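Asker: Structure supplied as coords.pdb; contents: PDB, C-alpha atoms.
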ATOM      1  CA  MET A 255      -6.484   1.974  13.867
ATOM      2  CA  TYR A 256      -8.078   4.761  15.873
ATOM      3  CA  ILE A 257      -5.449   7.489  16.313
ATOM      4  CA  PRO A 258      -6.297  10.723  18.154
ATOM      5  CA  PRO A 259      -4.124  13.600  16.856
ATOM      6  CA  ALA A 260      -2.049  13.750  20.056
ATOM      7  CA  PHE A 261      -0.882  10.174  19.536
ATOM      8  CA  ARG A 262      -0.317  10.137  15.764
ATOM      9  CA  ASP A 263       3.171   9.166  14.590
ATOM     10  CA  ASP A 264       3.829  10.195  10.984
ATOM     11  CA  ASP A 265       7.617  10.118  11.153
ATOM     12  CA  HIS A 266       8.852   7.545   8.647
ATOM     13  CA  GLU A 267      12.049   6.771  10.533
ATOM     14  CA  SER A 268      10.117   6.266  13.767
ATOM     15  CA  LEU A 269       7.671   3.923  12.044
ATOM     16  CA  SER A 270      10.490   1.960  10.411
ATOM     17  CA  ALA A 271      12.325   1.710  13.731
ATOM     18  CA  THR A 272       9.246   0.212  15.400
ATOM     19  CA  ILE A 273       8.920  -2.339  12.595
ATOM     20  CA  ARG A 274      12.601  -3.254  12.810
ATOM     21  CA  ALA A 275      12.487  -3.595  16.595
ATOM     22  CA  ALA A 276       9.396  -5.827  16.680
ATOM     23  CA  ARG A 277      10.435  -9.447  17.107
ATOM     24  CA  LEU A 278       7.001 -10.868  16.341
ATOM     25  CA  ALA A 279       4.252  -9.336  14.209
ATOM     26  CA  THR A 280       0.737 -10.419  13.226
ATOM     27  CA  LEU A 281      -0.315 -10.854   9.591
ATOM     28  CA  VAL A 282      -4.042 -10.311   9.023
ATOM     29  CA  THR A 283      -5.907 -10.946   5.779
ATOM     30  CA  ALA A 284      -9.590 -10.466   5.088
ATOM     31  CA  THR A 285     -11.243 -13.343   3.248
ATOM     32  CA  ALA A 286     -14.719 -14.350   2.114
ATOM     33  CA  ASP A 287     -14.833 -16.659   5.157
ATOM     34  CA  GLY A 288     -13.772 -13.950   7.605
ATOM     35  CA  PRO A 289     -10.423 -12.571   8.826
ATOM     36  CA  LEU A 290      -7.373 -14.826   9.158
ATOM     37  CA  ALA A 291      -4.400 -13.945  11.376
ATOM     38  CA  THR A 292      -0.992 -15.502  12.007
ATOM     39  CA  PRO A 293       1.761 -14.399  14.441
ATOM     40  CA  LEU A 294       4.987 -14.221  12.400
ATOM     41  CA  PRO A 295       8.544 -12.900  12.578
ATOM     42  CA  LEU A 296       8.730 -10.443   9.677
ATOM     43  CA  PHE A 297      11.439  -8.156   8.367
ATOM     44  CA  LEU A 298      11.416  -4.910   6.423
ATOM     45  CA  ASP A 299      13.469  -4.362   3.269
ATOM     46  CA  GLU A 300      13.619  -0.580   2.948
ATOM     47  CA  SER A 301      15.504  -0.717  -0.356
ATOM     48  CA  GLU A 302      12.360  -1.753  -2.231
ATOM     49  CA  GLY A 303       9.377   0.450  -3.078
ATOM     50  CA  ASP A 304       8.353   3.820  -1.681
ATOM     51  CA  HIS A 305       7.688   2.565   1.867
ATOM     52  CA  GLY A 306       9.638  -0.702   1.828
ATOM     53  CA  VAL A 307       8.589  -4.335   1.498
ATOM     54  CA  ILE A 308       7.781  -6.780   4.292
ATOM     55  CA  TYR A 309       8.986 -10.371   4.018
ATOM     56  CA  GLY A 310       8.391 -13.537   6.016
ATOM     57  CA  HIS A 311       7.025 -17.038   5.668
ATOM     58  CA  VAL A 312       4.171 -19.216   6.892
ATOM     59  CA  ALA A 313       3.852 -22.956   7.320
ATOM     60  CA  LYS A 314       2.552 -24.658   4.199
ATOM     61  CA  ALA A 315      -0.108 -26.310   6.380
ATOM     62  CA  ASN A 316      -1.388 -22.831   7.349
ATOM     63  CA  GLN A 317      -4.588 -22.199   5.377
ATOM     64  CA  GLN A 318      -4.053 -18.428   5.352
ATOM     65  CA  TRP A 319      -1.905 -18.528   2.233
ATOM     66  CA  ARG A 320      -4.400 -20.704   0.363
ATOM     67  CA  VAL A 321      -7.423 -18.436   0.892
ATOM     68  CA  PRO A 322      -7.514 -15.462  -1.530
ATOM     69  CA  PRO A 323      -7.330 -12.188   0.417
ATOM     70  CA  LEU A 324      -9.932  -9.493  -0.085
ATOM     71  CA  GLY A 325      -8.034  -6.231  -0.539
ATOM     72  CA  ASP A 326      -4.773  -5.420   1.200
ATOM     73  CA  GLY A 327      -3.228  -7.398   3.999
ATOM     74  CA  LEU A 328      -2.356  -5.893   7.387
ATOM     75  CA  ALA A 329       0.843  -6.459   9.345
ATOM     76  CA  ILE A 330       0.666  -5.337  12.975
ATOM     77  CA  PHE A 331       3.893  -4.426  14.755
ATOM     78  CA  MET A 332       3.780  -3.688  18.479
ATOM     79  CA  GLY A 333       6.392  -1.702  20.356
ATOM     80  CA  PRO A 334       6.794  -1.165  24.119
ATOM     81  CA  ASP A 335       3.620  -1.053  26.208
ATOM     82  CA  ALA A 336       2.640  -0.611  29.848
ATOM     83  CA  TYR A 337      -0.382  -0.265  32.124
ATOM     84  CA  VAL A 338      -0.719   3.202  33.656
ATOM     85  CA  THR A 339      -2.332   3.462  37.083
ATOM     86  CA  PRO A 340      -4.136   6.698  38.051
ATOM     87  CA  ALA A 341      -2.186   6.588  41.324
ATOM     88  CA  TRP A 342       0.776   8.090  39.449
ATOM     89  CA  TYR A 343      -1.129  11.242  38.424
ATOM     90  CA  GLN A 344      -0.789  14.478  40.365
ATOM     91  CA  THR A 345      -4.333  15.158  39.162
ATOM     92  CA  LYS A 346      -5.567  12.269  41.337
ATOM     93  CA  GLN A 347      -4.369  14.096  44.448
ATOM     94  CA  GLU A 348      -5.967  17.359  43.310
ATOM     95  CA  ILE A 349      -9.417  16.439  41.985
ATOM     96  CA  GLY A 350      -9.579  12.639  41.749
ATOM     97  CA  LYS A 351     -11.085  12.678  38.243
ATOM     98  CA  VAL A 352      -8.743  10.129  36.662
ATOM     99  CA  VAL A 353      -8.971   6.588  35.270
ATOM    100  CA  PRO A 354      -6.461   3.885  34.277
ATOM    101  CA  THR A 355      -5.087   3.690  30.757
ATOM    102  CA  TRP A 356      -2.486   1.870  28.675
ATOM    103  CA  ASN A 357       0.539   3.380  26.959
ATOM    104  CA  TYR A 358       1.859   1.677  23.833
ATOM    105  CA  VAL A 359       3.523   1.984  20.443
ATOM    106  CA  ALA A 360       1.948   0.349  17.388
ATOM    107  CA  VAL A 361       2.473   0.415  13.631
ATOM    108  CA  HIS A 362       0.005  -0.947  11.081
ATOM    109  CA  ALA A 363       1.386  -1.669   7.608
ATOM    110  CA  TYR A 364      -1.016  -2.289   4.724
ATOM    111  CA  GLY A 365      -0.305  -3.686   1.279
ATOM    112  CA  PRO A 366      -1.033  -6.362  -1.317
ATOM    113  CA  VAL A 367      -0.042  -9.824  -0.112
ATOM    114  CA  GLU A 368       1.924 -12.193  -2.323
ATOM    115  CA  PHE A 369       2.661 -15.776  -1.297
ATOM    116  CA  PHE A 370       5.347 -17.737  -3.148
ATOM    117  CA  GLU A 371       6.946 -21.198  -3.152
ATOM    118  CA  ASP A 372      10.084 -20.598  -5.211
ATOM    119  CA  ALA A 373      12.921 -22.348  -3.389
ATOM    120  CA  ASP A 374      15.590 -19.722  -4.150
ATOM    121  CA  ARG A 375      13.394 -16.875  -2.910
ATOM    122  CA  LEU A 376      12.474 -18.870   0.191
ATOM    123  CA  LEU A 377      16.128 -19.566   0.953
ATOM    124  CA  ASP A 378      16.868 -15.847   0.682
ATOM    125  CA  VAL A 379      14.024 -14.977   3.071
ATOM    126  CA  VAL A 380      14.929 -17.540   5.747
ATOM    127  CA  THR A 381      18.615 -16.624   5.484
ATOM    128  CA  ARG A 382      17.938 -12.912   5.942
ATOM    129  CA  LEU A 383      15.483 -13.545   8.765
ATOM    130  CA  THR A 384      17.955 -15.849  10.519
ATOM    131  CA  ASN A 385      20.838 -13.395  10.132
ATOM    132  CA  LEU A 386      18.654 -10.632  11.567
ATOM    133  CA  HIS A 387      17.880 -12.503  14.785
ATOM    134  CA  GLU A 388      21.199 -14.342  15.145
ATOM    135  CA  GLY A 389      23.239 -11.175  14.683
ATOM    136  CA  GLY A 390      25.152 -10.122  17.765
ATOM    137  CA  ARG A 391      25.033 -13.516  19.453
ATOM    138  CA  ALA A 392      28.332 -14.788  20.836
ATOM    139  CA  SER A 393      27.693 -18.161  19.214
ATOM    140  CA  SER A 394      25.399 -17.495  16.278
ATOM    141  CA  TRP A 395      23.784 -20.029  13.971
ATOM    142  CA  ALA A 396      23.630 -19.634  10.188
ATOM    143  CA  VAL A 397      21.443 -21.412   7.653
ATOM    144  CA  SER A 398      24.645 -22.617   5.987
ATOM    145  CA  ASP A 399      25.570 -24.477   9.209
ATOM    146  CA  ALA A 400      22.974 -27.138   8.373
ATOM    147  CA  PRO A 401      23.320 -29.631   5.485
ATOM    148  CA  MET A 402      21.874 -28.129   2.303
ATOM    149  CA  ASP A 403      19.703 -31.154   1.568
ATOM    150  CA  PHE A 404      18.157 -30.774   5.033
ATOM    151  CA  ILE A 405      17.495 -27.063   4.452
ATOM    152  CA  GLN A 406      15.952 -27.772   1.057
ATOM    153  CA  ALA A 407      13.633 -30.309   2.653
ATOM    154  CA  GLN A 408      12.632 -27.768   5.307
ATOM    155  CA  LEU A 409      11.878 -25.167   2.635
ATOM    156  CA  LYS A 410       9.257 -27.504   1.171
ATOM    157  CA  GLY A 411       7.244 -27.070   4.367
ATOM    158  CA  ILE A 412       6.901 -23.278   4.166
ATOM    159  CA  VAL A 413       5.505 -20.602   1.868
ATOM    160  CA  GLY A 414       7.095 -17.194   1.426
ATOM    161  CA  LEU A 415       5.326 -13.893   2.051
ATOM    162  CA  ARG A 416       6.000 -10.587   0.289
ATOM    163  CA  MET A 417       3.959  -7.468   1.085
ATOM    164  CA  PRO A 418       4.923  -4.135  -0.493
ATOM    165  CA  ILE A 419       3.838  -1.433   1.949
ATOM    166  CA  ALA A 420       1.175   0.790   0.429
ATOM    167  CA  ARG A 421       0.247   2.632   3.624
ATOM    168  CA  LEU A 422       1.571   3.010   7.166
ATOM    169  CA  GLU A 423      -0.246   4.072  10.332
ATOM    170  CA  GLY A 424       1.624   4.800  13.525
ATOM    171  CA  LYS A 425       0.431   5.401  17.060
ATOM    172  CA  ARG A 426       2.624   6.415  19.989
ATOM    173  CA  LYS A 427       0.398   6.758  23.051
ATOM    174  CA  MET A 428       2.702   7.972  25.801
ATOM    175  CA  SER A 429       0.547  10.164  28.069
ATOM    176  CA  GLN A 430       0.875  13.176  25.731
ATOM    177  CA  ASN A 431      -2.684  14.168  26.692
ATOM    178  CA  ARG A 432      -1.763  14.562  30.377
ATOM    179  CA  ASN A 433      -0.201  17.628  31.983
ATOM    180  CA  ALA A 434       3.522  17.810  32.782
ATOM    181  CA  ALA A 435       3.089  16.773  36.417
ATOM    182  CA  ASP A 436       1.022  13.737  35.491
ATOM    183  CA  ARG A 437       3.538  12.720  32.813
ATOM    184  CA  ALA A 438       6.375  13.019  35.299
ATOM    185  CA  GLY A 439       4.465  10.798  37.721
ATOM    186  CA  VAL A 440       3.892   8.175  35.016
ATOM    187  CA  ALA A 441       7.547   8.184  33.997
ATOM    188  CA  SER A 442       8.665   7.871  37.616
ATOM    189  CA  GLY A 443       6.198   5.096  38.363
ATOM    190  CA  LEU A 444       7.157   3.075  35.302
ATOM    191  CA  ALA A 445      10.876   3.548  35.966
ATOM    192  CA  ALA A 446      10.442   2.097  39.475
ATOM    193  CA  SER A 447       8.369  -0.885  38.311
ATOM    194  CA  ASP A 448       9.464  -4.475  38.817
ATOM    195  CA  ARG A 449       8.449  -5.210  35.215
ATOM    196  CA  PRO A 450      11.259  -4.766  32.666
ATOM    197  CA  SER A 451       8.654  -3.923  30.017
ATOM    198  CA  ASP A 452       7.376  -1.035  32.156
ATOM    199  CA  ARG A 453      10.892   0.323  32.578
ATOM    200  CA  GLU A 454      11.296   0.195  28.800
ATOM    201  CA  VAL A 455       8.331   2.553  28.403
ATOM    202  CA  ALA A 456       9.438   5.044  31.079
ATOM    203  CA  PRO A 457      11.974   6.994  28.965
ATOM    204  CA  LEU A 458       9.444   7.325  26.148
ATOM    205  CA  ILE A 459       7.140   9.530  28.249
ATOM    206  CA  PRO A 460       7.616  13.157  27.095
ATOM    207  CA  SER A 461       8.765  15.554  29.803
TER     208      SER A 461
END
I need this file expressed as structure tokens, please.

Answerer:
Amino acid sequence: MYIPPAFRDDDHESLSATIRAARLATLVTATADGPLATPLPLFLDESEGDHGVIYGHVAKANQQWRVPPLGDGLAIFMGPDAYVTPAWYQTKQEIGKVVPTWNYVAVHAYGPVEFFEDADRLLDVVTRLTNLHEGGRASSWAVSDAPMDFIQAQLKGIVGLRMPIARLEGKRKMSQNRNAADRAGVASGLAASDRPSDREVAPLIPS
């Protein structure tokens, strides 16, 4: 990932928070036949390894797990993002030398990819993933709510994923390269947007 110094995020807690907050990631593996990519819900176990371990699962019919990866895999986690119009910049009123851009948060996690079919490990992964996304719901669903023979049959249709994180890259592009007046205009414009995703980015703009 191309990361200019102004946008680099090296804070481990910030990177972990972005990973935890992402509801859907993308797993990319390089193969002899070219890159393969799958959108997946993934979760981070920070109790394992130096940087944590990423877990998830893919459909057994998905060819990605059958094709040997070349080198490390890549898991892409996206945070809040928003289009930034030059109309919000004070600089536009002064000299007009401005162009549109996009603000966003992204984390790239790299590591060796392991796929597994062990039923007990798969049950642990789907249970933890379910608990993560069902937590806080007024009427939550648990894996144990379904008959065990049904769950065991479902597990036969998936393959587990384990990726110990060897390296993390973080980018937080939030108009840090603009002057204070331009940043204030971006924050104000995003806060007034009709898009909820834009309003989510607004408080991330540095003052």

Asker: Of the candidates A:Glu388, A:Asp399, A:Asp335, A:Asp374, which shows the shortest atom-to-atom distance to Leu444 (chain A), using all atoms listed in the file?

Answerer: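 Among A:Glu388, A:Asp399, A:Asp335, A:Asp374, it is A:Asp335 that comes nearest to Leu444 (chain A).
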
Asker: What is the distance, in Å and to one decimal place, between CA of Ala373 (chain A) and CA of Ile273 (chain A)?

Answerer: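 That distance, rounded to one decimal, is 25.9 Å.
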
Asker: Quick one: apply the PyMOL selection byres ((chain A and resi 299) around 12) to the file and drop the selected residues here as number ranges by chain.

Answerer: A: 270, 273-274, 296-298, 300-310, 379, 382-383, 386, 416-419

Asker: Using all atoms listed in the file, which residue out of A:Arg437, A:His311, A:Arg262, A:Arg421 lies closest to Thr381 (chain A)?

Answerer: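 The answer is A:His311, which sits nearest to Thr381 (chain A).
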
Asker: Between A:Leu269, A:Leu377, A:Val352, A:Ala275, which has the minimum distance to Pro334 (chain A) (counting all atoms listed in the file)?

Answerer: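 Result for the nearest residue to Pro334 (chain A): A:Ala275.
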
Asker: Run through the PyMOL selection byres ((chain A and resi 263) around 10) on the given coordinates and return the selected residues as an MDAnalysis selection string.

Answerer: chainID A and resid 257 259:262 264:266 268:269 359:361 422:427

Asker: Run through the PyMOL selection byres ((chain A and resi 366) around 6) on the given coordinates and return the selected residues as a PyMOL selection string.

Answerer: chain A and resi 326-327+365+367+417

Asker: Would you compute the distance between CA of Thr272 (chain A) and CA of Met332 (chain A)? Give it in Å to one decimal.

Answerer: 7.4 Å

Asker: Please complete region 272-283 of chain A so it has all heavy atoms, and hand it over as an mmCIF file, in the coordinates of the input.

Answerer:
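For reference, result-v2.cif as written:
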data_model
loop_
_atom_site.group_PDB
_atom_site.id
_atom_site.type_symbol
_atom_site.label_atom_id
_atom_site.label_comp_id
_atom_site.auth_asym_id
_atom_site.auth_seq_id
_atom_site.Cartn_x
_atom_site.Cartn_y
_atom_site.Cartn_z
ATOM 1 N N THR A 272 10.163 1.093 14.667
ATOM 2 C CA THR A 272 9.246 0.212 15.400
ATOM 3 C C THR A 272 9.114 -1.124 14.692
ATOM 4 O O THR A 272 9.117 -2.191 15.332
ATOM 5 C CB THR A 272 7.863 0.873 15.539
ATOM 6 O OG1 THR A 272 7.989 2.067 16.319
ATOM 7 C CG2 THR A 272 6.868 -0.060 16.216
ATOM 8 N N ILE A 273 9.015 -1.094 13.364
ATOM 9 C CA ILE A 273 8.920 -2.339 12.595
ATOM 10 C C ILE A 273 10.184 -3.168 12.776
ATOM 11 O O ILE A 273 10.123 -4.380 13.015
ATOM 12 C CB ILE A 273 8.673 -2.034 11.107
ATOM 13 C CG1 ILE A 273 7.277 -1.441 10.906
ATOM 14 C CG2 ILE A 273 8.844 -3.292 10.256
ATOM 15 C CD1 ILE A 273 6.997 -0.995 9.490
ATOM 16 N N ARG A 274 11.340 -2.521 12.686
ATOM 17 C CA ARG A 274 12.601 -3.254 12.810
ATOM 18 C C ARG A 274 12.780 -3.844 14.200
ATOM 19 O O ARG A 274 13.357 -4.929 14.363
ATOM 20 C CB ARG A 274 13.776 -2.329 12.477
ATOM 21 C CG ARG A 274 13.866 -1.913 11.016
ATOM 22 C CD ARG A 274 15.216 -1.259 10.724
ATOM 23 N NE ARG A 274 15.443 -0.081 11.544
ATOM 24 C CZ ARG A 274 15.159 1.157 11.167
ATOM 25 N NH1 ARG A 274 14.609 1.378 9.979
ATOM 26 N NH2 ARG A 274 15.409 2.183 11.963
ATOM 27 N N ALA A 275 12.286 -3.149 15.211
ATOM 28 C CA ALA A 275 12.487 -3.595 16.595
ATOM 29 C C ALA A 275 11.525 -4.705 17.001
ATOM 30 O O ALA A 275 11.799 -5.452 17.949
ATOM 31 C CB ALA A 275 12.342 -2.419 17.550
ATOM 32 N N ALA A 276 10.396 -4.815 16.310
ATOM 33 C CA ALA A 276 9.396 -5.827 16.680
ATOM 34 C C ALA A 276 9.927 -7.221 16.357
ATOM 35 O O ALA A 276 10.329 -7.505 15.231
ATOM 36 C CB ALA A 276 8.094 -5.566 15.928
ATOM 37 N N ARG A 277 9.924 -8.096 17.328
ATOM 38 C CA ARG A 277 10.435 -9.447 17.107
ATOM 39 C C ARG A 277 9.356 -10.391 16.578
ATOM 40 O O ARG A 277 9.656 -11.400 15.964
ATOM 41 C CB ARG A 277 11.026 -9.990 18.410
ATOM 42 C CG ARG A 277 12.198 -9.163 18.907
ATOM 43 C CD ARG A 277 12.786 -9.705 20.187
ATOM 44 N NE ARG A 277 13.305 -11.058 20.050
ATOM 45 C CZ ARG A 277 14.486 -11.355 19.527
ATOM 46 N NH1 ARG A 277 15.281 -10.382 19.083
ATOM 47 N NH2 ARG A 277 14.904 -12.600 19.450
ATOM 48 N N LEU A 278 8.104 -10.054 16.827
ATOM 49 C CA LEU A 278 7.001 -10.868 16.341
ATOM 50 C C LEU A 278 5.877 -9.932 15.924
ATOM 51 O O LEU A 278 5.511 -9.026 16.673
ATOM 52 C CB LEU A 278 6.505 -11.839 17.416
ATOM 53 C CG LEU A 278 5.543 -12.928 16.946
ATOM 54 C CD1 LEU A 278 6.267 -13.953 16.073
ATOM 55 C CD2 LEU A 278 4.890 -13.630 18.122
ATOM 56 N N ALA A 279 5.352 -10.143 14.724
ATOM 57 C CA ALA A 279 4.252 -9.336 14.209
ATOM 58 C C ALA A 279 3.036 -10.233 14.021
ATOM 59 O O ALA A 279 3.081 -11.434 14.288
ATOM 60 C CB ALA A 279 4.651 -8.681 12.895
ATOM 61 N N THR A 280 1.938 -9.650 13.553
ATOM 62 C CA THR A 280 0.737 -10.419 13.226
ATOM 63 C C THR A 280 0.298 -10.049 11.818
ATOM 64 O O THR A 280 0.099 -8.867 11.517
ATOM 65 C CB THR A 280 -0.408 -10.129 14.217
ATOM 66 O OG1 THR A 280 0.012 -10.480 15.539
ATOM 67 C CG2 THR A 280 -1.635 -10.959 13.860
ATOM 68 N N LEU A 281 0.168 -11.059 10.956
ATOM 69 C CA LEU A 281 -0.315 -10.854 9.591
ATOM 70 C C LEU A 281 -1.810 -11.143 9.563
ATOM 71 O O LEU A 281 -2.242 -12.227 9.960
ATOM 72 C CB LEU A 281 0.403 -11.774 8.614
ATOM 73 C CG LEU A 281 -0.135 -11.750 7.174
ATOM 74 C CD1 LEU A 281 0.190 -10.415 6.508
ATOM 75 C CD2 LEU A 281 0.408 -12.913 6.363
ATOM 76 N N VAL A 282 -2.591 -10.169 9.092
ATOM 77 C CA VAL A 282 -4.042 -10.311 9.023
ATOM 78 C C VAL A 282 -4.484 -10.147 7.574
ATOM 79 O O VAL A 282 -4.067 -9.196 6.897
ATOM 80 C CB VAL A 282 -4.755 -9.258 9.899
ATOM 81 C CG1 VAL A 282 -6.267 -9.462 9.843
ATOM 82 C CG2 VAL A 282 -4.251 -9.320 11.329
ATOM 83 N N THR A 283 -5.309 -11.077 7.096
ATOM 84 C CA THR A 283 -5.907 -10.946 5.779
ATOM 85 C C THR A 283 -7.412 -11.129 5.899
ATOM 86 O O THR A 283 -7.888 -11.975 6.656
ATOM 87 C CB THR A 283 -5.343 -11.980 4.780
ATOM 88 O OG1 THR A 283 -5.440 -13.299 5.338
ATOM 89 C CG2 THR A 283 -3.887 -11.685 4.452
#
